[in-house]
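Comments concern the structure below.
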Amino acid sequence: MSAPFLPLTRPTIDEDTIAGVAEVLRSGWITSGPKVKELETKLSEHCGGRPVRVFNSGTCTMAIALRIAGIGPGHEVITTPLSWVATSNVILEVGARPVFVDIDPISRNLDLDRIEAAITPATRAILPVDLAGLPVDRDRLYELSRRRGLRVIEDAAQSFGSTW
């Protein structure tokens with residue numbers, strides 16, 4: 001007998017949500033338009049007034065962030081092996097090489113004690129993933145990145161709304 005499927009999370013979709021989706025579909029503005037601008041404005045307010053732009057996926061966002069950071073061929077990006085394949089794929093997409101550092105057995109996040117040993121002259125960035133809503137220790141991460149001159153590109157898709 002197999003165990004019942006246990007989802008990580010089950011979405012709550014109420015009638016207001018369904019009506020909102022139908023409204024957007026009927027408007028003809030599926031990928032941009034007034035609802036996107038409204039979402040960006042609300043997210044900006046939630047983030048203390050910082051500018052916010054939404055994309056179609058976290059994968060797209062990470063690829064753009066890597067490009068903006070100047071990551072490309074010949075570079076290495078330290079990341080976690082415990083993530084969706086998109087995390088390493090975006091590094092490969094920009095021509096860089098993912099370097100996997102093991103996870104902390106307690107938090108399941110990137111083991112910050114192991115990063116130093118993985119840094120080479122080709123290392124340009126660290127791409128941590130906040131697993132299941134738990135942020136990586138930002139104080140330690142940014143202290144290390146400043147000391148070693150590395151960019152941090154946070155995959156915080158699972159931890160939106162969390163604080164450190």
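FYI, nothing fancy with the structure tokens labels: chains A, B, ... in order, residues from 1 per chain, ligands from 1 as they appear.
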
Please identify every residue of range 85-138 of chain A that has at least one atom no farther than 12 Å from an atom of range 51-62 of chain A, counting only C-alpha atoms, and for each give the shortest atom pair and the distance in Å to one decimal, arranged by chain then increasing number, as a tab-separated table.
```
residue	atom	partner	partner_atom	distance
A:Val85	CA	A:Thr59	CA	9.7
A:Ala86	CA	A:Thr59	CA	6.0
A:Thr87	CA	A:Thr59	CA	7.2
A:Ser88	CA	A:Thr59	CA	9.9
A:Asn89	CA	A:Thr59	CA	8.7
A:Val90	CA	A:Met62	CA	6.7
A:Ile91	CA	A:Met62	CA	8.6
A:Leu92	CA	A:Met62	CA	11.6
A:Glu93	CA	A:Met62	CA	10.5
A:Val94	CA	A:Met62	CA	10.4
A:Ile126	CA	A:Met62	CA	11.9
A:Leu127	CA	A:Met62	CA	9.0
A:Pro128	CA	A:Met62	CA	11.1
A:Val129	CA	A:Met62	CA	11.0
```

Take the residues just selected and output them with N, CA and C atoms as a compact mmCIF listing (two decimals), in the first residue's frame.
```txt
# COMPACT_ATOMS: atom_id res chain seq x y z
N VAL A 85 16.12 22.38 -10.73
CA VAL A 85 17.16 22.40 -11.75
C VAL A 85 17.37 23.78 -12.35
N ALA A 86 16.37 24.64 -12.30
CA ALA A 86 16.48 25.99 -12.86
C ALA A 86 17.64 26.78 -12.22
N THR A 87 17.93 26.52 -10.97
CA THR A 87 19.00 27.26 -10.29
C THR A 87 20.33 27.06 -11.01
N SER A 88 20.68 25.83 -11.30
CA SER A 88 21.94 25.59 -12.02
C SER A 88 21.80 25.88 -13.51
N ASN A 89 20.62 25.67 -14.07
CA ASN A 89 20.43 25.93 -15.50
C ASN A 89 20.64 27.40 -15.87
N VAL A 90 20.21 28.33 -15.01
CA VAL A 90 20.41 29.74 -15.36
C VAL A 90 21.88 30.11 -15.32
N ILE A 91 22.64 29.47 -14.45
CA ILE A 91 24.08 29.70 -14.42
C ILE A 91 24.70 29.21 -15.73
N LEU A 92 24.30 28.02 -16.16
CA LEU A 92 24.78 27.48 -17.43
C LEU A 92 24.32 28.34 -18.61
N GLU A 93 23.10 28.86 -18.52
CA GLU A 93 22.54 29.67 -19.61
C GLU A 93 23.40 30.89 -19.91
N VAL A 94 23.99 31.50 -18.88
CA VAL A 94 24.83 32.68 -19.12
C VAL A 94 26.28 32.31 -19.42
N ILE A 126 27.67 34.16 -5.49
CA ILE A 126 27.04 33.11 -4.69
C ILE A 126 25.54 33.22 -4.94
N LEU A 127 24.91 32.10 -5.26
CA LEU A 127 23.48 32.08 -5.52
C LEU A 127 22.82 31.13 -4.52
N PRO A 128 22.47 31.65 -3.33
CA PRO A 128 21.80 30.80 -2.34
C PRO A 128 20.31 30.67 -2.66
N VAL A 129 19.71 29.61 -2.17
CA VAL A 129 18.27 29.39 -2.32
C VAL A 129 17.68 29.30 -0.92
```

As a compact mmCIF listing (two decimals) with C-alpha atoms, in the first residue's frame, please: all residues of chain A that backbone DSSP puts in strand (DSSP E or B).
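Saved result, result.txt, follows:
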```
# COMPACT_ATOMS: atom_id res chain seq x y z
CA GLU A 76 31.88 30.28 -11.53
CA VAL A 77 28.81 30.71 -9.33
CA ILE A 78 28.55 28.92 -5.99
CA THR A 79 25.11 27.48 -5.34
CA ARG A 97 29.78 27.06 -14.30
CA PRO A 98 27.74 26.12 -11.22
CA VAL A 99 29.86 25.06 -8.25
CA PHE A 100 27.84 23.07 -5.76
CA ILE A 103 23.80 22.06 2.51
CA LEU A 110 23.69 26.42 1.55
CA THR A 123 34.26 32.64 -8.67
CA ARG A 124 32.14 35.74 -9.21
CA ALA A 125 28.93 35.13 -7.26
CA ILE A 126 27.04 33.11 -4.69
CA LEU A 127 23.48 32.08 -5.52
CA VAL A 129 18.27 29.39 -2.32
CA ARG A 151 28.13 39.25 -5.79
CA VAL A 152 25.14 37.65 -4.08
CA ASP A 155 16.87 33.01 -5.00
```

Which residue, A:Pro11, A:Gly48, A:Gly149, A:Pro135, has the smallest gap to Trp164 in chain A when you use only C-alpha atoms? A:Pro135

Using only C-alpha atoms, which protein or nucleic acid residues come within 10 Å of Arg50 in chain A? Drop anything in the same chain fewer than 6 positions from it, and give the result as JSON, numbers by chain. {"A": [41, 43, 44]}

Give me, as JSON, numbers by chain, the residues of range 31-148 of chain A that a backbone DSSP run labels alpha helix (DSSP H). {"A": [34, 35, 36, 37, 38, 39, 40, 41, 42, 43, 44, 45, 46, 58, 59, 60, 61, 62, 63, 64, 65, 66, 67, 68, 86, 87, 88, 89, 90, 91, 92, 93, 112, 113, 114, 115, 116, 117, 118, 138, 139, 140, 141, 142, 143, 144, 145, 146, 147, 148]}

Write out, as a compact mmCIF listing (two decimals), in the first residue's frame, the residues just selected, with N, CA and C atoms.
```txt
# COMPACT_ATOMS: atom_id res chain seq x y z
N PRO A 34 -2.76 46.83 -16.70
CA PRO A 34 -3.07 47.49 -15.43
C PRO A 34 -2.92 46.59 -14.20
N LYS A 35 -3.23 45.32 -14.30
CA LYS A 35 -3.11 44.44 -13.13
C LYS A 35 -1.64 44.20 -12.78
N VAL A 36 -0.78 44.13 -13.78
CA VAL A 36 0.65 43.96 -13.52
C VAL A 36 1.19 45.21 -12.81
N LYS A 37 0.82 46.36 -13.33
CA LYS A 37 1.27 47.62 -12.70
C LYS A 37 0.74 47.71 -11.26
N GLU A 38 -0.50 47.29 -11.05
CA GLU A 38 -1.09 47.31 -9.70
C GLU A 38 -0.30 46.39 -8.76
N LEU A 39 0.05 45.20 -9.26
CA LEU A 39 0.84 44.27 -8.45
C LEU A 39 2.20 44.85 -8.13
N GLU A 40 2.88 45.44 -9.12
CA GLU A 40 4.19 46.03 -8.88
C GLU A 40 4.10 47.16 -7.85
N THR A 41 3.05 47.95 -7.92
CA THR A 41 2.87 49.05 -6.96
C THR A 41 2.68 48.50 -5.55
N LYS A 42 1.83 47.48 -5.41
CA LYS A 42 1.58 46.90 -4.08
C LYS A 42 2.84 46.22 -3.53
N LEU A 43 3.58 45.53 -4.39
CA LEU A 43 4.83 44.91 -3.94
C LEU A 43 5.86 45.97 -3.54
N SER A 44 5.92 47.06 -4.28
CA SER A 44 6.83 48.15 -3.95
C SER A 44 6.50 48.72 -2.57
N GLU A 45 5.22 48.93 -2.31
CA GLU A 45 4.79 49.42 -0.99
C GLU A 45 5.19 48.43 0.10
N HIS A 46 4.97 47.15 -0.17
CA HIS A 46 5.32 46.10 0.80
C HIS A 46 6.82 46.07 1.08
N GLY A 58 10.68 33.00 -11.64
CA GLY A 58 11.91 33.18 -10.88
C GLY A 58 13.13 32.82 -11.70
N THR A 59 12.98 31.85 -12.60
CA THR A 59 14.07 31.44 -13.47
C THR A 59 14.51 32.61 -14.35
N CYS A 60 13.57 33.27 -14.96
CA CYS A 60 13.87 34.44 -15.80
C CYS A 60 14.54 35.53 -14.97
N THR A 61 14.04 35.75 -13.79
CA THR A 61 14.59 36.78 -12.91
C THR A 61 16.04 36.49 -12.56
N MET A 62 16.35 35.22 -12.23
CA MET A 62 17.73 34.87 -11.88
C MET A 62 18.65 35.03 -13.08
N ALA A 63 18.19 34.65 -14.27
CA ALA A 63 19.03 34.79 -15.47
C ALA A 63 19.34 36.26 -15.73
N ILE A 64 18.36 37.11 -15.59
CA ILE A 64 18.58 38.55 -15.79
C ILE A 64 19.52 39.10 -14.71
N ALA A 65 19.33 38.68 -13.48
CA ALA A 65 20.20 39.14 -12.39
C ALA A 65 21.65 38.73 -12.64
N LEU A 66 21.87 37.51 -13.11
CA LEU A 66 23.24 37.08 -13.41
C LEU A 66 23.85 37.94 -14.51
N ARG A 67 23.06 38.24 -15.54
CA ARG A 67 23.57 39.08 -16.64
C ARG A 67 23.89 40.50 -16.14
N ILE A 68 22.98 41.07 -15.34
CA ILE A 68 23.21 42.41 -14.81
C ILE A 68 24.49 42.43 -13.96
N ALA A 86 16.37 24.64 -12.30
CA ALA A 86 16.48 25.99 -12.86
C ALA A 86 17.64 26.78 -12.22
N THR A 87 17.93 26.52 -10.97
CA THR A 87 19.00 27.26 -10.29
C THR A 87 20.33 27.06 -11.01
N SER A 88 20.68 25.83 -11.30
CA SER A 88 21.94 25.59 -12.02
C SER A 88 21.80 25.88 -13.51
N ASN A 89 20.62 25.67 -14.07
CA ASN A 89 20.43 25.93 -15.50
C ASN A 89 20.64 27.40 -15.87
N VAL A 90 20.21 28.33 -15.01
CA VAL A 90 20.41 29.74 -15.36
C VAL A 90 21.88 30.11 -15.32
N ILE A 91 22.64 29.47 -14.45
CA ILE A 91 24.08 29.70 -14.42
C ILE A 91 24.70 29.21 -15.73
N LEU A 92 24.30 28.02 -16.16
CA LEU A 92 24.78 27.48 -17.43
C LEU A 92 24.32 28.34 -18.61
N GLU A 93 23.10 28.86 -18.52
CA GLU A 93 22.54 29.67 -19.61
C GLU A 93 23.40 30.89 -19.91
N LEU A 112 27.15 27.72 4.80
CA LEU A 112 28.05 28.88 4.71
C LEU A 112 29.46 28.56 5.19
N ASP A 113 29.62 27.53 6.01
CA ASP A 113 30.95 27.13 6.48
C ASP A 113 31.76 26.46 5.38
N ARG A 114 31.13 26.02 4.32
CA ARG A 114 31.83 25.30 3.25
C ARG A 114 32.10 26.17 2.02
N ILE A 115 31.58 27.37 1.99
CA ILE A 115 31.73 28.22 0.80
C ILE A 115 33.18 28.61 0.56
N GLU A 116 33.86 29.02 1.59
CA GLU A 116 35.24 29.52 1.47
C GLU A 116 36.12 28.54 0.70
N ALA A 117 35.99 27.24 0.98
CA ALA A 117 36.82 26.23 0.32
C ALA A 117 36.49 26.07 -1.16
N ALA A 118 35.31 26.51 -1.58
CA ALA A 118 34.89 26.35 -2.98
C ALA A 118 35.25 27.56 -3.84
N ARG A 138 21.67 35.87 6.24
CA ARG A 138 22.11 37.00 5.42
C ARG A 138 23.32 37.72 6.01
N ASP A 139 23.40 37.82 7.32
CA ASP A 139 24.54 38.51 7.94
C ASP A 139 25.85 37.83 7.56
N ARG A 140 25.91 36.52 7.77
CA ARG A 140 27.13 35.76 7.45
C ARG A 140 27.40 35.74 5.95
N LEU A 141 26.34 35.56 5.16
CA LEU A 141 26.49 35.49 3.71
C LEU A 141 27.08 36.77 3.16
N TYR A 142 26.53 37.92 3.57
CA TYR A 142 27.01 39.19 3.03
C TYR A 142 28.37 39.59 3.59
N GLU A 143 28.68 39.18 4.79
CA GLU A 143 30.02 39.44 5.33
C GLU A 143 31.05 38.69 4.50
N LEU A 144 30.77 37.44 4.20
CA LEU A 144 31.67 36.63 3.37
C LEU A 144 31.79 37.21 1.96
N SER A 145 30.66 37.58 1.38
CA SER A 145 30.70 38.10 0.01
C SER A 145 31.47 39.41 -0.07
N ARG A 146 31.32 40.29 0.91
CA ARG A 146 32.06 41.55 0.93
C ARG A 146 33.57 41.28 1.07
N ARG A 147 33.90 40.39 1.98
CA ARG A 147 35.30 40.08 2.24
C ARG A 147 35.99 39.49 1.01
N ARG A 148 35.26 38.68 0.24
CA ARG A 148 35.84 38.01 -0.92
C ARG A 148 35.52 38.70 -2.25
```

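If you look at CA of Gly74 in chain A and CA of Ala96 in chain A, they are 5.8 Å away from each other.
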
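Within the 12 Å cut-off around Leu131 in chain A, using only C-alpha atoms and omitting residues fewer than 3 positions from it on the same chain, the listed residues are Leu8, Thr80, Pro81, Leu82, Ser83, Trp84, Ile103, Asp104, Ile106, Ser107, Arg108, Asn109, Leu110, Pro128, Leu134, Pro135, Val136, Asp137, Glu154, Asp155, Ala156, Ala157, Gln158, Ser159, Phe160 and Ser162 of chain A.
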
Please produce a file of the residues just selected, as an mmCIF file, in the first residue's frame, where the atoms kept are C-alpha atoms.
```cif
data_model
loop_
_atom_site.group_PDB
_atom_site.id
_atom_site.type_symbol
_atom_site.label_atom_id
_atom_site.label_comp_id
_atom_site.auth_asym_id
_atom_site.auth_seq_id
_atom_site.Cartn_x
_atom_site.Cartn_y
_atom_site.Cartn_z
ATOM 1 C CA LEU A 8 4.449 20.805 -0.030
ATOM 2 C CA THR A 80 23.269 24.672 -3.596
ATOM 3 C CA PRO A 81 22.587 21.210 -5.004
ATOM 4 C CA LEU A 82 19.257 21.122 -3.122
ATOM 5 C CA SER A 83 17.126 23.167 -5.486
ATOM 6 C CA TRP A 84 15.052 22.949 -8.617
ATOM 7 C CA ILE A 103 23.803 22.059 2.507
ATOM 8 C CA ASP A 104 23.649 22.628 6.232
ATOM 9 C CA ILE A 106 19.748 21.668 10.005
ATOM 10 C CA SER A 107 18.515 24.488 7.748
ATOM 11 C CA ARG A 108 18.826 22.595 4.431
ATOM 12 C CA ASN A 109 20.245 25.853 3.016
ATOM 13 C CA LEU A 110 23.689 26.419 1.550
ATOM 14 C CA PRO A 128 21.801 30.800 -2.341
ATOM 15 C CA LEU A 134 13.730 29.785 5.515
ATOM 16 C CA PRO A 135 16.200 32.529 4.560
ATOM 17 C CA VAL A 136 19.913 31.829 4.429
ATOM 18 C CA ASP A 137 21.824 33.633 7.201
ATOM 19 C CA GLU A 154 19.391 35.621 -3.905
ATOM 20 C CA ASP A 155 16.868 33.011 -4.999
ATOM 21 C CA ALA A 156 14.257 34.058 -2.479
ATOM 22 C CA ALA A 157 11.288 32.753 -4.480
ATOM 23 C CA GLN A 158 10.249 30.460 -1.639
ATOM 24 C CA SER A 159 10.763 33.012 1.114
ATOM 25 C CA PHE A 160 8.916 36.115 -0.054
ATOM 26 C CA SER A 162 10.243 36.271 5.333
#
```
